[in-house]
Structures are given as structure tokens and as C-alpha cells.
>>> print(open('model_5.cif').read())   # mmCIF, C-alpha atoms and all ligand atoms
data_data
loop_
_atom_site.label_atom_id
_atom_site.label_comp_id
_atom_site.auth_asym_id
_atom_site.auth_seq_id
_atom_site.Cartn_x
_atom_site.Cartn_y
_atom_site.Cartn_z
CA MET N 23 -34.94 119.44 -32.27
CA PRO N 24 -35.29 123.11 -33.27
CA ASN N 25 -35.32 123.75 -37.01
CA GLU N 26 -33.00 126.16 -38.75
CA ASN N 27 -35.55 128.91 -38.88
CA THR N 28 -36.47 128.66 -35.21
CA VAL N 29 -32.85 129.02 -34.13
CA ALA N 30 -32.36 132.12 -36.29
CA ILE N 31 -35.59 133.69 -35.03
CA ASN N 32 -34.82 132.89 -31.40
CA LEU N 33 -31.31 134.30 -31.78
CA ALA N 34 -32.68 137.56 -33.15
CA LYS N 35 -35.23 137.79 -30.33
CA VAL N 36 -32.62 137.17 -27.66
CA GLN N 37 -30.25 139.73 -29.23
CA GLU N 38 -33.06 142.26 -29.18
CA ARG N 39 -33.90 141.52 -25.54
CA ILE N 40 -30.23 141.93 -24.63
CA ARG N 41 -30.02 145.29 -26.41
CA SER N 42 -33.16 146.63 -24.80
CA ALA N 43 -32.14 145.41 -21.33
CA ALA N 44 -28.81 147.21 -21.77
CA LEU N 45 -30.47 150.44 -22.89
CA LYS N 46 -32.98 150.22 -20.05
CA ALA N 47 -30.07 149.91 -17.62
CA GLY N 48 -28.54 153.06 -19.11
CA ARG N 49 -25.78 151.13 -20.84
CA PRO N 50 -24.78 151.09 -24.52
CA ALA N 51 -26.88 148.62 -26.54
CA ASP N 52 -23.77 146.72 -27.63
CA SER N 53 -22.15 146.47 -24.19
CA VAL N 54 -23.42 142.94 -23.54
CA THR N 55 -22.18 139.94 -25.53
CA LEU N 56 -24.26 136.86 -26.19
CA LEU N 57 -22.68 133.46 -25.64
CA PRO N 58 -25.06 130.85 -27.07
CA VAL N 59 -24.94 127.62 -25.04
CA SER N 60 -25.27 124.59 -27.31
CA LYS N 61 -24.97 121.81 -24.72
CA THR N 62 -27.05 118.71 -25.56
CA PHE N 63 -27.85 120.12 -29.03
CA GLY N 64 -26.39 118.52 -32.12
CA GLU N 65 -24.68 119.50 -35.29
CA GLU N 66 -27.83 120.64 -37.09
CA ALA N 67 -28.90 123.15 -34.45
CA ILE N 68 -25.36 124.49 -34.15
CA ARG N 69 -25.00 124.85 -37.92
CA ALA N 70 -28.25 126.79 -37.95
CA ALA N 71 -26.79 129.22 -35.42
CA VAL N 72 -23.57 129.46 -37.45
CA GLN N 73 -25.68 130.30 -40.51
CA ALA N 74 -27.25 133.05 -38.44
CA GLY N 75 -23.81 134.50 -37.72
CA VAL N 76 -22.70 132.95 -34.42
CA HIS N 77 -19.18 131.52 -34.18
CA ARG N 78 -18.73 131.07 -30.47
CA PHE N 79 -20.55 128.49 -28.35
CA GLY N 80 -20.57 127.52 -24.69
CA GLU N 81 -20.48 123.88 -23.63
CA ASN N 82 -20.46 122.52 -20.10
CA LYS N 83 -18.78 119.17 -20.65
CA ALA N 84 -15.32 118.53 -22.07
CA GLN N 85 -16.56 115.33 -23.74
CA GLU N 86 -19.18 117.29 -25.61
CA ILE N 87 -16.66 119.78 -26.97
CA ARG N 88 -14.55 116.83 -28.06
CA SER N 89 -17.43 115.11 -29.87
CA LYS N 90 -18.49 118.28 -31.70
CA TYR N 91 -15.04 119.59 -32.51
CA GLU N 92 -14.20 117.50 -35.59
CA PRO N 93 -17.66 117.29 -37.20
CA LEU N 94 -17.99 121.07 -36.99
CA ALA N 95 -14.37 121.91 -37.80
CA ASP N 96 -15.43 123.61 -41.06
CA CYS N 97 -17.48 126.20 -39.12
CA GLY N 98 -14.52 127.89 -37.45
CA ILE N 99 -16.15 127.77 -34.03
CA ASP N 100 -14.59 129.09 -30.83
CA TRP N 101 -15.61 126.64 -28.10
CA VAL N 102 -16.01 128.05 -24.61
CA MET N 103 -15.91 125.74 -21.60
CA ILE N 104 -18.49 126.89 -19.04
CA GLY N 105 -19.04 123.80 -16.89
CA HIS N 106 -17.33 122.03 -14.04
CA LEU N 107 -14.10 120.51 -15.30
CA GLN N 108 -12.26 117.63 -13.70
CA SER N 109 -8.51 118.11 -13.85
CA ASN N 110 -8.06 114.80 -15.68
CA LYS N 111 -10.10 116.22 -18.58
CA ALA N 112 -7.96 119.36 -18.91
CA LYS N 113 -6.31 117.95 -22.05
CA ASP N 114 -9.40 118.28 -24.26
CA VAL N 115 -10.07 121.83 -23.14
CA ALA N 116 -6.42 122.78 -23.64
CA ARG N 117 -6.52 121.41 -27.19
CA MET N 118 -9.97 122.47 -28.36
CA ALA N 119 -11.37 125.35 -26.33
CA SER N 120 -10.63 128.99 -26.99
CA GLU N 121 -11.57 129.94 -23.47
CA ILE N 122 -12.67 128.60 -20.08
CA GLN N 123 -15.19 130.42 -17.89
CA SER N 124 -15.31 127.81 -15.12
CA LEU N 125 -11.81 128.11 -13.69
CA ASP N 126 -12.50 127.57 -9.99
CA ARG N 127 -9.47 126.07 -8.29
CA MET N 128 -5.70 125.88 -8.36
CA ASP N 129 -5.31 122.21 -9.22
CA LEU N 130 -7.36 122.82 -12.36
CA ALA N 131 -5.24 125.86 -13.30
CA VAL N 132 -2.10 123.75 -12.89
CA ALA N 133 -3.52 120.87 -14.95
CA LEU N 134 -4.63 123.23 -17.73
CA ASP N 135 -1.25 124.98 -17.71
CA ARG N 136 0.64 121.71 -18.15
CA ARG N 137 -1.55 120.73 -21.12
CA LEU N 138 -1.55 124.21 -22.63
CA GLN N 139 2.26 124.31 -22.47
CA GLN N 140 2.32 121.01 -24.37
CA GLU N 141 -0.02 122.47 -26.98
CA GLY N 142 1.95 125.72 -27.15
CA ARG N 143 -1.23 127.66 -26.46
CA ALA N 144 -2.57 130.27 -24.04
CA ILE N 145 -6.31 130.84 -23.54
CA ASP N 146 -8.56 133.39 -21.90
CA ALA N 147 -10.08 132.43 -18.58
CA LEU N 148 -12.81 133.71 -16.30
CA VAL N 149 -12.78 132.70 -12.66
CA GLN N 150 -16.04 131.12 -11.57
CA VAL N 151 -16.99 132.47 -8.17
CA LYS N 152 -19.58 131.02 -5.84
CA THR N 153 -22.09 133.76 -5.10
CA SER N 154 -24.97 131.74 -3.71
CA THR N 155 -25.22 129.82 -0.49
CA GLU N 156 -26.43 126.66 -2.19
CA PRO N 157 -24.08 123.93 -0.98
CA SER N 158 -23.70 122.22 -4.34
CA LYS N 159 -22.78 125.12 -6.62
CA TYR N 160 -19.30 124.94 -8.00
CA GLY N 161 -17.12 128.00 -7.84
CA LEU N 162 -14.29 129.53 -5.88
CA PRO N 163 -15.35 130.93 -2.49
CA ALA N 164 -15.27 134.74 -2.75
CA GLU N 165 -12.81 135.12 0.13
CA GLU N 166 -10.24 133.04 -1.78
CA LEU N 167 -10.42 135.19 -4.91
CA PRO N 168 -7.61 137.71 -4.22
CA GLY N 169 -5.10 134.99 -3.36
CA PHE N 170 -6.18 132.89 -6.31
CA LEU N 171 -5.85 135.76 -8.80
CA ARG N 172 -2.37 136.58 -7.52
CA GLN N 173 -1.24 133.00 -7.74
CA VAL N 174 -2.56 132.50 -11.29
CA ALA N 175 -1.01 135.80 -12.42
CA ARG N 176 2.33 134.71 -10.96
CA ASP N 177 2.46 130.98 -11.74
CA ILE N 178 0.15 130.20 -14.68
CA PRO N 179 1.34 131.98 -17.82
CA THR N 180 -1.01 130.10 -20.17
CA LEU N 181 -4.25 131.36 -18.59
CA ARG N 182 -5.06 135.00 -19.27
CA ILE N 183 -7.58 136.02 -16.63
CA ARG N 184 -10.12 138.37 -18.18
CA GLY N 185 -12.94 138.48 -15.64
CA LEU N 186 -15.34 136.62 -13.40
CA MET N 187 -18.24 134.25 -13.97
CA THR N 188 -21.06 133.07 -11.74
CA LEU N 189 -24.24 131.04 -11.69
CA ALA N 190 -26.99 132.71 -9.70
CA ILE N 191 -29.02 130.79 -7.20
CA ASN N 192 -31.55 128.53 -8.92
CA ALA N 193 -34.61 130.09 -7.34
CA ALA N 194 -37.83 131.88 -8.17
CA ASP N 195 -36.89 134.64 -5.72
CA GLN N 196 -35.67 137.47 -7.98
CA ALA N 197 -34.12 139.40 -5.12
CA ALA N 198 -31.95 136.40 -4.27
CA VAL N 199 -30.92 136.02 -7.91
CA ARG N 200 -30.08 139.72 -8.16
CA ALA N 201 -28.01 139.52 -4.97
CA CYS N 202 -25.76 136.90 -6.59
CA PHE N 203 -25.10 139.10 -9.63
CA ARG N 204 -24.48 142.15 -7.46
CA THR N 205 -22.03 140.19 -5.32
CA LEU N 206 -20.01 139.29 -8.42
CA ARG N 207 -19.91 142.86 -9.69
CA GLU N 208 -18.86 144.20 -6.28
CA LEU N 209 -16.13 141.57 -6.03
CA ARG N 210 -14.87 142.59 -9.46
CA ASP N 211 -14.78 146.24 -8.36
CA GLN N 212 -12.88 145.33 -5.18
CA MET N 213 -10.37 143.25 -7.12
CA ARG N 214 -9.84 146.09 -9.58
CA ASN N 215 -9.05 148.37 -6.67
CA GLU N 216 -6.38 145.95 -5.54
CA ALA N 217 -4.84 146.29 -9.03
CA ILE N 218 -3.25 142.87 -9.24
CA ASP N 219 -0.38 142.90 -11.73
CA GLY N 220 -1.21 141.16 -14.99
CA ILE N 221 -4.92 140.77 -14.20
CA GLU N 222 -7.58 142.72 -16.07
CA LEU N 223 -11.13 142.07 -15.03
CA ASP N 224 -13.08 143.56 -17.93
CA ARG N 225 -15.61 140.82 -18.20
CA LEU N 226 -18.50 139.65 -16.03
CA SER N 227 -20.18 136.52 -17.39
CA MET N 228 -23.52 136.27 -15.66
CA GLY N 229 -27.12 135.65 -16.67
CA MET N 230 -28.89 132.71 -18.36
CA SER N 231 -32.22 132.31 -20.18
CA GLY N 232 -34.28 132.79 -17.04
CA ASP N 233 -32.42 135.67 -15.43
CA PHE N 234 -30.28 137.53 -17.98
CA GLU N 235 -32.22 140.78 -17.87
CA ILE N 236 -31.56 141.06 -14.13
CA ALA N 237 -27.89 140.22 -14.74
CA ILE N 238 -27.63 143.01 -17.32
CA GLU N 239 -29.11 145.49 -14.85
CA GLU N 240 -26.39 144.40 -12.43
CA GLY N 241 -23.54 144.92 -14.90
CA SER N 242 -23.18 141.69 -16.85
CA THR N 243 -20.99 142.00 -19.95
CA GLU N 244 -21.81 138.53 -21.23
CA VAL N 245 -24.90 136.35 -20.96
CA ARG N 246 -24.84 132.58 -21.51
CA ILE N 247 -28.08 131.55 -23.17
CA GLY N 248 -29.18 128.03 -24.10
CA THR N 249 -32.90 127.38 -23.73
CA ALA N 250 -34.13 130.70 -25.17
CA ILE N 251 -32.21 129.98 -28.39
CA PHE N 252 -32.25 126.22 -28.84
CA GLY N 253 -35.34 125.29 -26.85
CA GLY N 254 -35.79 123.02 -23.87
CA ARG N 255 -33.26 120.31 -23.18
CA ILE N 256 -34.15 116.66 -22.74
CA TYR N 257 -32.47 116.71 -19.37
CA GLY N 258 -33.49 119.36 -16.86
CA ASP N 259 -31.10 121.51 -14.85
CA ASP N 260 -31.00 118.82 -12.18
CA TYR N 261 -28.92 116.87 -14.71
CA TYR N 262 -26.29 119.61 -14.65
CA TRP N 263 -26.52 120.37 -10.97
CA PRO N 264 -27.30 116.84 -9.81
CA GLU N 265 -27.25 117.54 -6.10
CA GLN N 266 -30.05 120.04 -6.13
CA PRO N 267 -33.68 119.94 -7.20
CA ALA N 268 -34.66 122.15 -10.15
CA VAL N 269 -36.96 124.80 -8.78
CA ARG N 270 -36.79 127.53 -11.39
C1 LIG V 301 -26.69 125.46 -19.39
C2 LIG V 301 -25.91 126.60 -18.90
C3 LIG V 301 -26.28 127.92 -19.24
C4 LIG V 301 -27.49 128.26 -20.10
O1 LIG V 301 -28.66 127.92 -19.43
P1 LIG V 301 -30.12 128.27 -20.07
O2 LIG V 301 -30.98 128.35 -18.87
O3 LIG V 301 -30.46 127.12 -20.95
O4 LIG V 301 -30.01 129.52 -20.80
C5 LIG V 301 -25.48 128.94 -18.76
N1 LIG V 301 -24.39 128.72 -18.00
C6 LIG V 301 -24.00 127.46 -17.67
C7 LIG V 301 -22.79 127.28 -16.83
C8 LIG V 301 -24.75 126.37 -18.10
O5 LIG V 301 -24.35 125.12 -17.77
#
>>> encode(input="model_5.cif", output="C-alpha cells", more="lines below")
Ligand SMILES: *Cc1c(COP(=O)(O)O)cnc(C)c1O
Amino acid sequence: MPNENTVAINLAKVQERIRSAALKAGRPADSVTLLPVSKTFGEEAIRAAVQAGVHRFGENKAQEIRSKYEPLADCGIDWVMIGHLQSNKAKDVARMASEIQSLDRMDLAVALDRRLQQEGRAIDALVQVKTSTEPSKYGLPAEELPGFLRQVARDIPTLRIRGLMTLAINAADQAAVRACFRTLRELRDQMRNEAIDGIELDRLSMGMSGDFEIAIEEGSTEVRIGTAIFGGRIYGDDYYWPEQPAVR
């Protein structure tokens, strides 16, 4: 369990690395947002980050947002869903999340819309696109993106699409990782050219602890960082992507 001080120090270090990666890429220092990922970490670690000025956290399981929501209600946190979501768990996200970055299929959009209508809410959404050839990665196939965006813009009023999200290939090969990020940026540019009514793709959520500097070079506007802030998790990445071995 990281102590309060460690979290604050790690946050400052990560912020600094983000700023310098942006500058090095010829981009403004403040053009990349940090989304701290608090999955598997408890109240204490999250409160330490809140103390250090963070009020927005990524979680990859609906159950985990639900279990942290009440105990941390006094912190005014915006919870961001970044993991695979089964449609039957849409209710918790519709009630408690301020945003979803893992929107990857129509049945999920429909389930979220039904629950969001009941809650009288609308939330921001990023579409998670599959950019690697790994068979187990979740995400919408790139070729389905234009049709998907049009359908959400037309039929799903409660999801405001703001951009795209991806997970790069889990590999030591930096060129392969970079190719995933580049694919997402190029897709975003193509989609912008198609100018789909009601869809603005300002945001590209890409990059994690092990690869965020590459993602920033490739145009990321938001990096999702867990390990570099909170430390190692008890469960490895194979726990989150169960079908594939952790090789990073
Ligand atoms: C866990 C997770 C992250 C953060 O991973 P780290 O390597 O710990 O920085 C980012 N995105 C998603 C979707 C995750 O599940």
C-alpha cells in the first residue's frame, strides 16, 4: 500500500514526465491530461491523490466504482469507466460514472442509454477501438467505427461522444506499440474528415505507465496511469486481460 507521501511524489513525477514529453513532441506542456487509474487501490491511496489535487479517477470494473462511490462521496470524485463493461452492469456506470472510455459496441450503448434515461443523465463517452491484432483485446474493429459513430449520434442521445480510446499491444516491441497509437490518431483524423453530425473527436485517450511517452509523441490528449502513481498491483495485467500472457 503506497503511503500518502509516495502518491503525491509519484503524481508530481508523472505530471512532470507528461509535460516534458509534450514539449519534446512540440506540443504545449498542458495539452495532455492525466487520468490516474486507481483500480485495486483502496480509500487511503485515493484520498492521498485527492489531497494532492486529483478529482478524477479511472476504474476498470463497474463493481469497483460501486464499492468506492459511497465511502469516497465526500471527495467529489468524477469516476471514469475504462474497462470492459457487460451490458447487465450498465446501471452502476449510468448512476455513478461521469464518463465511459470503453464504449465498444452497440448493445452496450443501448443498455447505457436506457439506464441513463432513467437517471435523467447524459455522460461523455470515448469509443474504444481495437488497434492491435491480439485476439483478446476488447474494442470496436476500426472498420466498424464510421457506422458506429453515426448510429450513436443518431440514436443514443445520452452518450456524448468526445473521442477515441485504445490499449496498445502488450509487447516489448516499441514499434508495435507506436503503430497502435498512430492507428488511433489516423482513424480520428479520418473520422473528422467525414464530419459526422453531432460528433466531436477532440480527445484521444492512449498511453499507460509503460508507454505513455510514446503515446504523447503520437498525439495522445489523455494518458491513463496506474502503476507509476500507485505502485504495482497485486494482480498482474493477465488478471485484466485474462486470455493473454503478460509480456511487458
Ligand atoms: C489498468 C489500466 C490502465 C493503467 O495501467 P498502468 O500500466 O498501471 O498504468 C490504463 N488503461 C486501462 C484500460 C487499464 O485497465
>>> residues_around(input="model_5.cif", residues="Val36 of chain N", least_positions_apart="3", cutoff="8 Å", atoms="all atoms listed in the file", output="PDB file with C-alpha atoms, keeping the file's coordinate frame")
ATOM      1  CA  ASN N  32     -34.820 132.890 -31.400  1.00  0.00           C
ATOM      2  CA  LEU N  33     -31.310 134.300 -31.780  1.00  0.00           C
ATOM      3  CA  ARG N  39     -33.900 141.520 -25.540  1.00  0.00           C
ATOM      4  CA  ILE N  40     -30.230 141.930 -24.630  1.00  0.00           C
ATOM      5  CA  ALA N 250     -34.130 130.700 -25.170  1.00  0.00           C
ATOM      6  CA  ILE N 251     -32.210 129.980 -28.390  1.00  0.00           C
TER       7      ILE N 251
END
>>> closest_residue(input="model_5.cif", among="N:Gly248, N:Gly169, N:Pro163, N:Gly253", to="ligand LIG 301 (chain V)", atoms="only C-alpha atoms and all ligand atoms")
N:Gly248
>>> residues_around(input="model_5.cif", residues="Phe203 of chain N", least_positions_apart="6", cutoff="10 Å", atoms="all atoms listed in the file", output="NGL selection string")
:N and (153-154 or 187-191 or 209 or 226-229 or 233-234 or 236-242)
>>> residues_near_ligand(input="model_5.cif", ligand="ligand LIG 301 (chain V)", cutoff="6 Å", atoms="all atoms listed in the file", output="PyMOL selection string")
chain N and resi 59+82+104-105+230-232+246-249
>>> residues_around(input="model_5.cif", residues="Arg210 of chain N", least_positions_apart="4", cutoff="10 Å", atoms="all atoms listed in the file", output="PDB file with C-alpha atoms, keeping the file's coordinate frame")
ATOM      1  CA  LEU N 167     -10.420 135.190  -4.910  1.00  0.00           C
ATOM      2  CA  GLY N 185     -12.940 138.480 -15.640  1.00  0.00           C
ATOM      3  CA  LEU N 186     -15.340 136.620 -13.400  1.00  0.00           C
ATOM      4  CA  ARG N 204     -24.480 142.150  -7.460  1.00  0.00           C
ATOM      5  CA  THR N 205     -22.030 140.190  -5.320  1.00  0.00           C
ATOM      6  CA  LEU N 206     -20.010 139.290  -8.420  1.00  0.00           C
ATOM      7  CA  ARG N 214      -9.840 146.090  -9.580  1.00  0.00           C
ATOM      8  CA  ASN N 215      -9.050 148.370  -6.670  1.00  0.00           C
ATOM      9  CA  GLU N 216      -6.380 145.950  -5.540  1.00  0.00           C
ATOM     10  CA  GLU N 222      -7.580 142.720 -16.070  1.00  0.00           C
ATOM     11  CA  LEU N 223     -11.130 142.070 -15.030  1.00  0.00           C
ATOM     12  CA  ASP N 224     -13.080 143.560 -17.930  1.00  0.00           C
ATOM     13  CA  ARG N 225     -15.610 140.820 -18.200  1.00  0.00           C
ATOM     14  CA  LEU N 226     -18.500 139.650 -16.030  1.00  0.00           C
TER      15      LEU N 226
END
>>> axis_aligned_box(input="model_5.cif", around="segment 51-56 of chain N", padding_each_side="8 Å", output="AutoDock Vina command-line options")
--center_x -24.5 --center_y 142.7 --center_z -25.6 --size_x 20.7 --size_y 27.8 --size_z 20.1
